[in-house]
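With compact mmCIF, C-alpha atoms inside, this is model07.txt:
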```txt
# COMPACT_ATOMS: atom_id res chain seq x y z
CA MET A 50 0.00 0.00 0.00
CA LYS A 51 2.77 2.40 1.01
CA LYS A 52 4.69 1.57 -2.14
CA PHE A 53 1.60 2.12 -4.30
CA LEU A 54 0.96 5.53 -2.73
CA PHE A 55 4.62 6.45 -3.10
CA VAL A 56 4.67 5.57 -6.81
CA THR A 57 1.33 7.33 -7.42
CA SER A 58 2.67 10.39 -5.68
CA ILE A 59 5.74 10.41 -7.96
CA ILE A 60 3.47 10.11 -11.02
CA PHE A 61 1.37 13.11 -9.93
CA ILE A 62 4.50 15.13 -9.19
CA ALA A 63 5.75 14.33 -12.70
CA ILE A 64 2.39 15.46 -14.13
CA SER A 65 2.45 18.69 -12.13
CA ILE A 66 6.01 19.43 -13.30
CA ALA A 67 4.86 18.85 -16.90
CA PHE A 68 1.94 21.23 -16.27
CA LEU A 69 4.40 23.92 -15.20
CA TYR A 70 5.62 24.02 -18.80
CA LEU A 71 2.17 23.89 -20.33
CA PRO A 72 -0.03 27.02 -20.53
CA LEU A 73 -2.65 25.57 -18.24
CA GLY A 74 -2.43 28.09 -15.43
CA THR A 75 -3.99 27.03 -12.13
CA ILE A 76 -5.11 23.68 -13.56
CA GLY A 77 -1.63 22.50 -12.59
CA LEU A 78 -2.79 22.76 -8.98
CA ILE A 79 -4.93 19.64 -9.40
CA PRO A 80 -2.07 17.10 -9.80
CA SER A 81 0.11 19.10 -7.39
CA ILE A 82 -2.47 18.98 -4.61
CA ILE A 83 -3.11 15.27 -5.22
CA ALA A 84 0.67 14.68 -5.06
CA LEU A 85 0.84 16.71 -1.83
CA ILE A 86 -1.95 14.69 -0.20
CA LEU A 87 -0.42 11.37 -1.28
CA SER A 88 3.03 12.45 -0.09
CA LEU A 89 1.58 13.44 3.28
CA ILE A 90 -0.11 10.04 3.64
CA VAL A 91 3.11 8.23 2.73
CA PHE A 92 4.99 10.47 5.16
CA PHE A 93 2.69 9.68 8.09
CA ILE A 94 2.46 5.95 7.45
CA SER A 95 6.23 5.64 7.12
CA ALA A 96 8.26 4.77 10.15
CA LYS A 97 10.07 7.74 11.68
CA GLY A 98 13.67 8.26 10.69
CA GLU A 99 15.29 7.06 7.50
CA GLU A 100 12.01 5.85 5.93
CA GLN A 101 10.49 9.34 6.02
CA LYS A 102 13.28 10.89 3.97
CA LYS A 103 11.84 10.09 0.53
CA PRO A 104 8.29 11.19 1.36
CA LYS A 105 9.81 14.43 2.69
CA VAL A 106 11.45 15.05 -0.68
CA LEU A 107 8.14 14.39 -2.44
CA LEU A 108 6.38 16.76 -0.04
CA ALA A 109 8.95 19.47 -0.71
CA ILE A 110 8.64 19.08 -4.49
CA SER A 111 4.83 19.14 -4.44
CA ILE A 112 4.82 22.24 -2.19
CA LEU A 113 7.32 23.87 -4.54
CA THR A 114 5.21 23.14 -7.62
CA ILE A 115 2.13 24.57 -5.86
CA ALA A 116 4.10 27.70 -4.92
CA ILE A 117 5.38 28.12 -8.50
CA ILE A 118 1.90 27.71 -10.01
CA ILE A 119 0.32 30.20 -7.58
CA GLY A 120 3.23 32.60 -8.01
CA LYS A 121 3.04 32.43 -11.80
CA SER A 122 -0.71 33.04 -11.89
CA THR A 123 -0.45 35.87 -9.33
CA PHE A 124 2.63 37.79 -10.37
CA ILE A 125 3.17 37.09 -14.05
CA GLU A 126 1.02 39.27 -16.31
CA GLU A 127 -0.39 37.51 -19.35
CA GLU A 128 0.87 39.03 -22.57
CA ILE A 129 0.20 38.68 -26.23
CA ALA A 130 3.08 38.30 -28.64
CA VAL A 131 3.85 41.03 -31.16
CA ASP A 132 2.53 39.48 -34.34
CA LYS A 133 3.67 41.56 -37.28
CA ALA A 134 1.96 39.29 -39.79
CA PHE A 135 -1.39 39.81 -38.05
CA GLU A 136 -0.85 43.57 -37.79
CA GLU A 137 0.01 43.76 -41.48
CA LYS A 138 -3.03 41.66 -42.29
CA MET A 139 -5.25 44.09 -40.37
CA GLU A 140 -3.72 47.12 -42.09
CA GLN A 141 -4.09 45.48 -45.47
CA SER A 142 -7.65 44.53 -44.70
CA GLU A 143 -8.46 48.13 -43.79
CA GLU A 144 -7.01 49.45 -47.03
CA GLU A 145 -8.95 46.86 -49.03
CA ASN A 146 -12.12 47.61 -47.10
CA ILE A 147 -11.97 51.31 -47.84
CA GLN A 148 -11.46 50.56 -51.50
CA GLU A 149 -14.37 48.13 -51.48
CA LEU A 150 -16.54 50.61 -49.64
CA GLU A 151 -15.78 53.24 -52.25
CA ASN A 152 -17.12 50.82 -54.86
CA GLU A 153 -19.99 49.41 -52.84
CA LEU A 154 -21.29 52.73 -51.52
CA GLU A 155 -22.12 53.81 -55.06
CA ASP A 156 -24.73 51.06 -55.19
CA LEU A 157 -26.00 51.34 -51.65
CA ASP A 158 -28.68 53.46 -50.09
CA LEU A 159 -26.88 56.25 -48.25
CA GLU A 160 -30.02 57.76 -46.83
CA GLY A 161 -29.45 58.66 -43.21
CA PHE A 162 -25.70 58.87 -43.56
CA ASP A 163 -23.95 62.03 -42.58
CA LEU A 164 -21.85 62.83 -45.58
CA GLU A 165 -20.05 65.80 -44.14
CA GLU A 166 -20.21 65.86 -40.37
CA ASP A 167 -17.37 64.46 -38.38
CA SER A 168 -18.89 61.72 -36.34
CA LEU A 169 -20.62 62.23 -33.04
CA GLU A 170 -20.79 63.66 -29.62
CA ILE A 171 -18.12 62.19 -27.42
CA GLN A 172 -18.95 60.15 -24.38
CA GLU A 173 -17.75 61.13 -20.89
CA MET B 255 -12.29 25.16 -28.26
CA LYS B 256 -12.24 27.04 -31.53
CA HIS B 257 -15.68 28.44 -30.81
CA VAL B 258 -14.87 29.67 -27.36
CA LEU B 259 -13.84 33.17 -28.32
CA VAL B 260 -16.31 33.40 -31.11
CA LEU B 261 -19.03 32.59 -28.64
CA GLY B 262 -17.58 34.78 -26.01
CA LEU B 263 -17.92 37.58 -28.46
CA SER B 264 -21.25 36.29 -29.61
CA LEU B 265 -22.60 36.54 -26.10
CA ALA B 266 -21.82 40.19 -26.01
CA ILE B 267 -22.77 40.36 -29.59
CA SER B 268 -26.13 38.83 -29.01
CA LEU B 269 -27.22 41.89 -27.12
CA LEU B 270 -28.96 44.18 -29.50
CA GLY B 271 -30.88 47.33 -29.00
CA PHE B 272 -33.18 49.10 -31.36
CA CYS B 273 -31.48 51.10 -34.04
CA GLN B 274 -31.93 54.28 -32.16
CA GLU B 275 -29.83 57.40 -32.52
CA ASN B 276 -26.30 56.72 -31.42
CA ILE B 277 -24.96 59.12 -28.82
CA THR B 278 -22.82 56.53 -27.06
CA ILE B 279 -20.31 55.20 -29.56
CA ALA B 280 -17.72 57.40 -31.20
CA GLY B 281 -14.45 56.84 -33.03
CA GLY B 282 -11.28 56.51 -30.96
CA GLU B 283 -12.50 54.14 -28.27
CA LYS B 284 -10.45 51.08 -27.34
CA LEU B 285 -11.55 48.43 -24.86
CA VAL B 286 -9.32 45.52 -23.91
CA PHE B 287 -10.66 42.37 -22.26
CA ASN B 288 -9.04 39.28 -20.83
CA ALA B 289 -10.87 36.17 -21.98
CA SER B 290 -10.76 33.11 -19.74
CA TYR B 291 -12.06 29.64 -20.27
CA SER B 292 -12.99 27.15 -17.59
CA MET B 293 -10.92 23.98 -17.67
CA SER B 294 -11.64 21.35 -15.04
CA GLY B 295 -13.56 23.99 -13.08
CA LEU B 296 -10.65 26.45 -12.96
CA MET B 297 -10.61 29.61 -15.05
CA THR B 298 -7.58 29.85 -17.32
CA GLN B 299 -6.70 33.03 -19.17
CA LEU B 300 -6.73 32.25 -22.85
CA ALA B 301 -6.78 35.36 -24.96
CA GLN B 302 -7.00 39.10 -25.23
CA VAL B 303 -10.07 40.54 -26.89
CA THR B 304 -9.87 44.11 -28.16
CA MET B 305 -12.72 46.31 -29.36
CA GLU B 306 -11.79 49.47 -31.22
CA THR B 307 -13.66 52.20 -33.05
CA ALA B 308 -12.41 54.67 -35.65
CA ASP B 309 -13.91 57.22 -37.99
CA ILE B 310 -13.41 56.37 -41.65
CA LYS B 311 -13.99 58.77 -44.50
CA THR B 312 -14.69 57.63 -48.00
CA SER B 313 -15.22 60.01 -50.88
CA SER B 314 -18.98 59.91 -50.31
CA ALA B 315 -19.60 59.29 -46.61
CA THR B 316 -18.22 59.16 -43.11
CA LEU B 317 -18.48 55.73 -41.54
CA LEU B 318 -17.62 54.29 -38.18
CA HIS B 319 -15.19 51.38 -38.26
CA LEU B 320 -15.83 48.86 -35.49
CA LYS B 321 -13.08 46.32 -35.02
CA CYS B 322 -12.87 43.35 -32.67
CA THR B 323 -9.82 41.15 -32.43
CA ALA B 324 -9.14 38.03 -30.40
CA VAL B 325 -5.52 37.02 -29.91
CA THR B 326 -4.30 34.18 -27.69
CA PHE B 327 -1.78 34.97 -24.99
CA SER B 328 1.72 34.10 -26.16
CA LYS B 329 1.96 31.02 -23.90
CA TRP B 330 -0.94 29.49 -25.87
CA ASP B 331 0.36 30.31 -29.34
CA SER B 332 2.36 27.08 -29.69
CA PHE B 333 -0.65 24.98 -28.67
CA PHE B 334 -3.70 26.74 -30.04
CA LYS B 335 -3.11 30.01 -31.84
CA ILE B 336 -6.06 32.32 -32.34
CA ARG B 337 -5.94 35.38 -34.56
CA ASP B 338 -9.51 36.48 -35.14
CA LEU B 339 -10.52 39.71 -36.80
CA TYR B 340 -14.12 40.90 -36.86
CA GLU B 341 -14.88 44.29 -38.34
CA SER B 342 -17.85 46.31 -39.43
CA TYR B 343 -18.37 49.60 -41.17
CA VAL B 344 -21.51 51.26 -39.91
CA ASN B 345 -23.55 54.41 -40.19
CA PRO B 346 -22.26 56.47 -37.25
CA LYS B 347 -25.74 57.85 -36.57
CA ASN B 348 -27.60 54.60 -35.98
CA LEU B 349 -24.85 51.94 -36.21
CA LYS B 350 -26.58 50.17 -39.10
CA PRO B 351 -23.99 48.10 -40.93
CA VAL B 352 -22.83 48.66 -44.48
CA MET B 353 -20.14 46.02 -44.57
CA HIS B 354 -18.98 43.32 -42.21
CA LYS B 355 -15.89 41.15 -42.47
CA ARG B 356 -14.85 38.19 -40.41
CA ASP B 357 -11.43 36.60 -40.74
CA ILE B 358 -10.85 33.79 -38.32
CA GLU B 359 -7.77 31.72 -37.68
CA GLU B 360 -8.16 29.32 -34.78
CA GLY B 361 -5.55 26.58 -34.71
CA THR B 362 -5.78 24.98 -38.13
CA TYR B 363 -9.31 26.27 -38.73
CA LYS B 364 -9.53 29.25 -41.08
CA LYS B 365 -12.51 31.03 -42.52
CA GLN B 366 -13.31 34.36 -44.14
CA MET B 367 -16.71 35.92 -44.47
CA LYS B 368 -17.93 39.19 -45.92
CA TYR B 369 -21.40 40.71 -45.76
CA VAL B 370 -22.41 43.79 -47.73
CA PHE B 371 -25.77 45.06 -46.54
CA ASN B 372 -28.04 46.77 -49.03
CA SER B 373 -31.02 48.36 -47.32
CA LYS B 374 -32.32 49.60 -50.68
CA THR B 375 -32.89 46.08 -51.97
CA GLY B 376 -33.32 44.43 -48.55
CA THR B 377 -30.55 41.96 -49.30
CA VAL B 378 -27.10 41.09 -48.12
CA LYS B 379 -24.29 39.99 -50.38
CA ILE B 380 -22.47 37.17 -48.63
CA THR B 381 -19.03 36.03 -49.69
CA SER B 382 -17.46 33.19 -47.76
CA SER B 383 -14.22 31.36 -48.28
CA LYS B 384 -12.20 28.62 -46.65
CA PRO B 385 -8.73 27.36 -47.58
CA ASN B 386 -8.76 24.89 -50.49
CA LYS B 387 -12.44 25.46 -51.14
CA PRO B 388 -14.09 27.59 -53.79
CA THR B 389 -15.40 30.98 -52.73
CA LYS B 390 -19.16 30.99 -52.21
CA GLU B 391 -21.34 33.95 -53.06
CA THR B 392 -25.02 34.37 -52.22
CA GLN B 393 -27.40 37.30 -51.95
CA PRO B 394 -30.34 36.38 -49.71
CA LYS B 395 -33.12 38.67 -48.60
CA ILE B 396 -32.99 39.80 -44.98
CA THR B 397 -35.24 41.73 -42.66
CA PRO B 398 -34.48 45.47 -42.48
CA SER B 399 -33.37 45.18 -38.84
CA THR B 400 -30.90 42.33 -39.43
CA ILE B 401 -27.38 43.23 -38.47
CA ASP B 402 -24.00 41.56 -38.09
CA VAL B 403 -22.34 40.41 -34.92
CA VAL B 404 -20.04 43.40 -34.39
CA SER B 405 -22.70 46.02 -35.06
CA LEU B 406 -24.89 44.15 -32.62
CA LEU B 407 -22.26 44.34 -29.95
CA TYR B 408 -22.12 48.09 -30.30
CA GLN B 409 -25.82 48.65 -30.90
CA VAL B 410 -26.66 47.11 -27.57
CA ARG B 411 -24.74 49.93 -25.95
CA THR B 412 -27.02 52.48 -27.54
CA THR B 413 -30.10 50.80 -26.09
CA ASP B 414 -31.95 52.75 -23.40
CA PHE B 415 -32.28 50.06 -20.74
CA SER B 416 -33.79 52.54 -18.29
CA ALA B 417 -36.95 52.29 -20.41
CA ILE B 418 -37.09 48.49 -20.08
CA PRO B 419 -38.70 46.95 -16.97
CA VAL B 420 -36.78 44.33 -14.99
CA GLY B 421 -37.62 40.96 -16.52
CA GLY B 422 -38.50 42.67 -19.79
CA THR B 423 -37.29 41.01 -22.97
CA LYS B 424 -36.48 42.28 -26.43
CA SER B 425 -36.10 40.23 -29.56
CA PHE B 426 -33.62 41.01 -32.28
CA THR B 427 -32.27 39.57 -35.50
CA LEU B 428 -28.64 38.69 -36.06
CA LEU B 429 -26.94 37.44 -39.21
CA PHE B 430 -24.35 34.89 -38.18
CA ASP B 431 -22.82 32.12 -40.26
CA GLU B 432 -25.09 33.12 -43.17
CA LYS B 433 -28.21 32.53 -41.08
CA GLU B 434 -30.65 34.94 -39.51
CA LEU B 435 -30.94 34.23 -35.83
CA ALA B 436 -33.51 35.47 -33.31
CA VAL B 437 -31.87 36.77 -30.16
CA ASN B 438 -33.63 37.66 -26.92
CA ILE B 439 -32.25 40.01 -24.34
CA LYS B 440 -33.65 40.08 -20.84
CA LEU B 441 -32.93 42.79 -18.30
CA LEU B 442 -32.32 40.99 -15.00
CA GLY B 443 -31.76 44.13 -12.96
CA LYS B 444 -28.95 46.35 -11.73
CA GLU B 445 -25.83 45.35 -9.82
CA VAL B 446 -22.79 47.21 -8.57
CA MET B 447 -19.78 45.58 -10.19
CA ASN B 448 -16.06 45.93 -9.76
CA SER B 449 -15.33 47.18 -13.25
CA GLY B 450 -11.54 46.92 -13.32
CA PRO B 451 -10.10 50.18 -14.64
CA LEU B 452 -13.41 51.98 -14.08
CA GLY B 453 -13.68 51.09 -10.38
CA LYS B 454 -17.02 50.15 -8.85
CA LYS B 455 -19.87 50.91 -11.22
CA GLU B 456 -23.58 50.37 -11.27
CA CYS B 457 -24.37 48.02 -14.15
CA TYR B 458 -27.30 46.58 -16.03
CA LYS B 459 -27.30 42.81 -15.75
CA LEU B 460 -28.49 41.32 -19.04
CA SER B 461 -29.25 37.76 -20.02
CA VAL B 462 -28.82 36.61 -23.60
CA SER B 463 -30.68 33.75 -25.20
CA ALA B 464 -30.95 32.70 -28.79
CA LYS B 465 -32.52 29.97 -30.83
CA THR B 466 -29.23 28.22 -31.24
CA ASP B 467 -27.53 25.22 -29.73
CA LYS B 468 -24.41 27.32 -29.23
CA LEU B 469 -25.67 28.98 -26.03
CA LYS B 470 -26.54 26.76 -23.07
CA GLY B 471 -28.65 27.17 -19.96
CA LYS B 472 -31.25 29.64 -18.79
CA ASP B 473 -29.83 33.02 -17.78
CA GLN B 474 -26.31 31.62 -17.94
CA ASN B 475 -25.08 33.85 -20.73
CA LEU B 476 -24.77 37.22 -19.12
CA MET B 477 -23.41 40.67 -19.72
CA TRP B 478 -22.96 43.64 -17.43
CA LEU B 479 -23.12 47.14 -18.96
CA THR B 480 -22.51 50.28 -16.94
CA THR B 481 -25.66 52.30 -16.40
CA ASP B 482 -23.93 55.57 -17.31
CA ARG B 483 -24.00 57.08 -20.75
CA SER B 484 -21.00 55.08 -22.00
CA ARG B 485 -22.77 51.77 -21.25
CA MET B 486 -19.42 50.11 -21.09
CA PRO B 487 -19.39 46.30 -21.17
CA VAL B 488 -17.39 45.44 -18.07
CA TYR B 489 -17.98 41.73 -17.61
CA MET B 490 -19.43 38.88 -19.66
CA LYS B 491 -20.08 35.25 -18.83
CA PHE B 492 -20.92 32.59 -21.36
CA ASN B 493 -22.01 28.98 -21.19
CA ILE B 494 -21.53 26.93 -24.34
CA PRO B 495 -21.63 23.19 -25.06
CA VAL B 496 -17.88 22.82 -24.50
CA GLY B 497 -17.71 24.76 -21.24
CA THR B 498 -17.96 28.16 -19.62
CA GLY B 499 -15.91 31.31 -19.89
CA GLU B 500 -15.74 34.98 -19.10
CA LEU B 501 -14.48 38.29 -20.46
CA ILE B 502 -13.21 40.87 -17.99
CA LEU B 503 -12.57 44.50 -18.90
CA LYS B 504 -8.86 45.17 -18.55
CA SER B 505 -8.33 48.66 -19.97
CA VAL B 506 -10.29 51.51 -21.51
CA ALA B 507 -9.20 54.30 -23.83
CA SER B 508 -12.03 56.71 -24.50
CA PRO B 509 -12.17 59.27 -27.29
CA LYS B 510 -11.00 62.74 -26.34
```
The structure given in the file should be rewritten as structure tokens.
Amino acid sequence: MKKFLFVTSIIFIAISIAFLYLPLGTIGLIPSIIALILSLIVFFISAKGEEQKKPKVLLAISILTIAIIIGKSTFIEEEIAVDKAFEEKMEQSEEENIQELENELEDLDLEGFDLEEDSLEIQE
Amino acid sequence: MKHVLVLGLSLAISLLGFCQENITIAGGEKLVFNASYSMSGLMTQLAQVTMETADIKTSSATLLHLKCTAVTFSKWDSFFKIRDLYESYVNPKNLKPVMHKRDIEEGTYKKQMKYVFNSKTGTVKITSSKPNKPTKETQPKITPSTIDVVSLLYQVRTTDFSAIPVGGTKSFTLLFDEKELAVNIKLLGKEVMNSGPLGKKECYKLSVSAKTDKLKGKDQNLMWLTTDRSRMPVYMKFNIPVGTGELILKSVASPK
């Protein structure tokens, strides 16, 4: 039983370490907390002294992974990458749209459109 | 997964007001939201959604350009990259659309769609294309009040909710994926919300429902709009077949 819990605990620690590298945010807490609970059980059912050394290491690693996951989600601001291709695509789309609008507007009903005025009142 | 952001937007989008005179939306506004998706019961930040407005002048008219983008946070790009662009060109006075374009890139899924609304003929010219497939063109008839998803998102902000009783519902028509879709908006009441950069604000709590299998649950697709004149969308929650998610207002740049 002890051996089974020990091995299971190692598996969950491995999963939580893998989750640290994946963009899964706080979901990584699930395997880490399971690993922590299993490590604690192994720790308490192990005889005091030498036998508790390995469960202690597992406990330390699972606490560390929990701390890293919480720290990452609390202190690291999510950012989007600068995507020049997407920016260029948007600019190009805008240019094309204006050209298309120039063509389309000739055929469309412009009733109700303000042809001269510069937009609207500004909100607060 | 690929529909998460689309539907997140669609939730907001599904809120439509009457085409009344627009005194709320002007060019030069930029709203940034953080979009999160629930995985195993825990919310995970997935993407940044930006809504921008700009005045556009053509040789014959001044239009308002409404642009919405959804971009995954960089940590997601290697796993599931989203680069969605939704834009509409509308009449600045009543936000009625002239042209709408949708260019989506979600993982390996790509699609482009263009609608050109013609109120004179009561039709919309639809052009849709997907990679390795021939471009499709149709020109169906639509109801005069039918609008696209982006215009809808902005039109809802011009709606006078103070004139709607709590529990009151309005029905609207949205053109999405080449189909006209009936959308109902219910005013659930007012709530004071922590509105991020705006601080604590009194908001209208709105429930969105539509005759579609893309939105799940009763009163589980919600949107909070500030009760002031800007009617800023500060928080949205959506419930779709593949899970739940939310959009939280992160920053606001208002026109000067």
For the contact check between chain B and chain A, emit one row per residue of chain B within 8 Å, containing the shortest atom pair and the distance in Å rounded to one decimal, counting only C-alpha atoms, chain then rising number order, as a Markdown table.
```
| residue | atom | partner | partner_atom | distance |
| --- | --- | --- | --- | --- |
| B:Ile277 | CA | A:Glu170 | CA | 6.2 |
| B:Thr278 | CA | A:Gln172 | CA | 5.9 |
| B:Ile279 | CA | A:Gln172 | CA | 7.3 |
| B:Ala280 | CA | A:Leu169 | CA | 5.9 |
| B:Gly281 | CA | A:Ser168 | CA | 7.4 |
| B:Met293 | CA | A:Ile76 | CA | 7.1 |
| B:Ser294 | CA | A:Ile76 | CA | 7.1 |
| B:Leu296 | CA | A:Ile76 | CA | 6.2 |
| B:Met297 | CA | A:Thr75 | CA | 7.7 |
| B:Thr298 | CA | A:Gly74 | CA | 5.8 |
| B:Gln299 | CA | A:Gly74 | CA | 7.5 |
| B:Ala301 | CA | A:Ile129 | CA | 7.8 |
| B:Gln302 | CA | A:Ile129 | CA | 7.3 |
| B:Asp309 | CA | A:Ser168 | CA | 6.9 |
| B:Thr312 | CA | A:Glu151 | CA | 6.2 |
| B:Ser313 | CA | A:Glu151 | CA | 6.9 |
| B:Ser314 | CA | A:Leu164 | CA | 6.3 |
| B:Ala315 | CA | A:Leu164 | CA | 4.3 |
| B:Thr316 | CA | A:Leu164 | CA | 5.7 |
| B:Leu317 | CA | A:Ser168 | CA | 7.9 |
| B:Leu318 | CA | A:Ser168 | CA | 7.8 |
| B:Val325 | CA | A:Ile129 | CA | 7.0 |
| B:Thr326 | CA | A:Ile129 | CA | 6.5 |
| B:Phe327 | CA | A:Ile129 | CA | 4.4 |
| B:Ser328 | CA | A:Ile129 | CA | 4.8 |
| B:Lys329 | CA | A:Pro72 | CA | 5.6 |
| B:Trp330 | CA | A:Pro72 | CA | 6.0 |
| B:Arg337 | CA | A:Phe135 | CA | 7.2 |
| B:Leu339 | CA | A:Met139 | CA | 7.7 |
| B:Asn345 | CA | A:Phe162 | CA | 6.0 |
| B:Pro346 | CA | A:Ser168 | CA | 6.3 |
| B:Lys347 | CA | A:Phe162 | CA | 7.1 |
| B:Met353 | CA | A:Leu150 | CA | 7.7 |
| B:Val370 | CA | A:Glu153 | CA | 8.0 |
| B:Asn372 | CA | A:Leu157 | CA | 5.6 |
| B:Ser373 | CA | A:Asp158 | CA | 6.3 |
| B:Lys374 | CA | A:Asp158 | CA | 5.3 |
| B:Arg483 | CA | A:Gln172 | CA | 6.9 |
| B:Ser484 | CA | A:Gln172 | CA | 6.0 |
| B:Ser508 | CA | A:Gln172 | CA | 7.7 |
| B:Pro509 | CA | A:Ile171 | CA | 6.6 |
| B:Lys510 | CA | A:Ile171 | CA | 7.2 |
```
Grab the atom CA of B:Gln474 to atom CA of B:Leu429 distance for me, in Å with one decimal place.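 Atom-to-atom, atom CA of B:Gln474 to atom CA of B:Leu429, that is 22.1 Å.
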Could you state the separation of atom CA of B:Lys335 and atom CA of B:Thr304 in Å, given to one decimal place?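 Atom-to-atom, atom CA of B:Lys335 to atom CA of B:Thr304, that is 16.1 Å.
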In Å to one decimal, how far is atom CA of B:Ile336 from atom CA of B:Ala436?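 If I compute the distance from atom CA of B:Ala436 to atom CA of B:Ile336, I get 27.6 Å.
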Counting only C-alpha atoms, which of A:Ile90, A:Met50, A:Ile62, A:Ala96 gets nearest to A:Leu113?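 Checking each candidate against A:Leu113, we get A:Ile62 as the closest.
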For B:Val344, the nearest of the candidates B:Ser461, B:Thr412, B:Thr307, B:Asn438, counting only C-alpha atoms: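 Going through B:Ser461, B:Thr412, B:Thr307, B:Asn438 one by one, the smallest distance to B:Val344 is for B:Thr307.
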List every protein, DNA or RNA residue that has at least one atom no more than 10 Å from (2.3, 8.1, -4.9) in the file's coordinates, counting all atoms listed in the file, and write the result as a ChimeraX atom specification. /A:50-62,83-91,104,107
Pick out the residues sitting within 6 Å of B:Met490, and hand them over as a compact mmCIF listing (two decimals) with C-alpha atoms, in the coordinates of the input; count only C-alpha atoms, and ignore anything fewer than 6 positions along from it in its own chain.
```txt
# COMPACT_ATOMS: atom_id res chain seq x y z
CA LEU B 476 -24.77 37.22 -19.12
CA MET B 477 -23.41 40.67 -19.72
CA GLU B 500 -15.74 34.98 -19.10
CA LEU B 501 -14.48 38.29 -20.46
```
Which residues are close to B:Ala507, i.e. within 9 Å by all atoms listed in the file, leaving aside same-chain residues fewer than 4 positions away? Reply as a PyMOL selection string. chain B and resi 282-286
Write the residues of the selection above to a file with C-alpha atoms, as a compact mmCIF listing (two decimals), in the coordinates of the input.
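And here's again-v8.txt as it stands now:
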```
# COMPACT_ATOMS: atom_id res chain seq x y z
CA GLY B 282 -11.28 56.51 -30.96
CA GLU B 283 -12.50 54.14 -28.27
CA LYS B 284 -10.45 51.08 -27.34
CA LEU B 285 -11.55 48.43 -24.86
CA VAL B 286 -9.32 45.52 -23.91
```
From the options B:Leu435, B:Asn448, B:Leu460, B:Asp402, which residue's atoms come nearest to B:Gly422, counting all atoms listed in the file? B:Leu460
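Among the candidates B:Ile494, B:Leu452, B:Ala417, B:Ile358, the residue lying nearest to B:Cys322 is B:Ile358 (atoms considered: all atoms listed in the file).
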Using only C-alpha atoms, can you tell me which of B:Asp338, B:Asn288, B:Met367, B:Thr397 comes closest to A:Glu136? B:Asp338
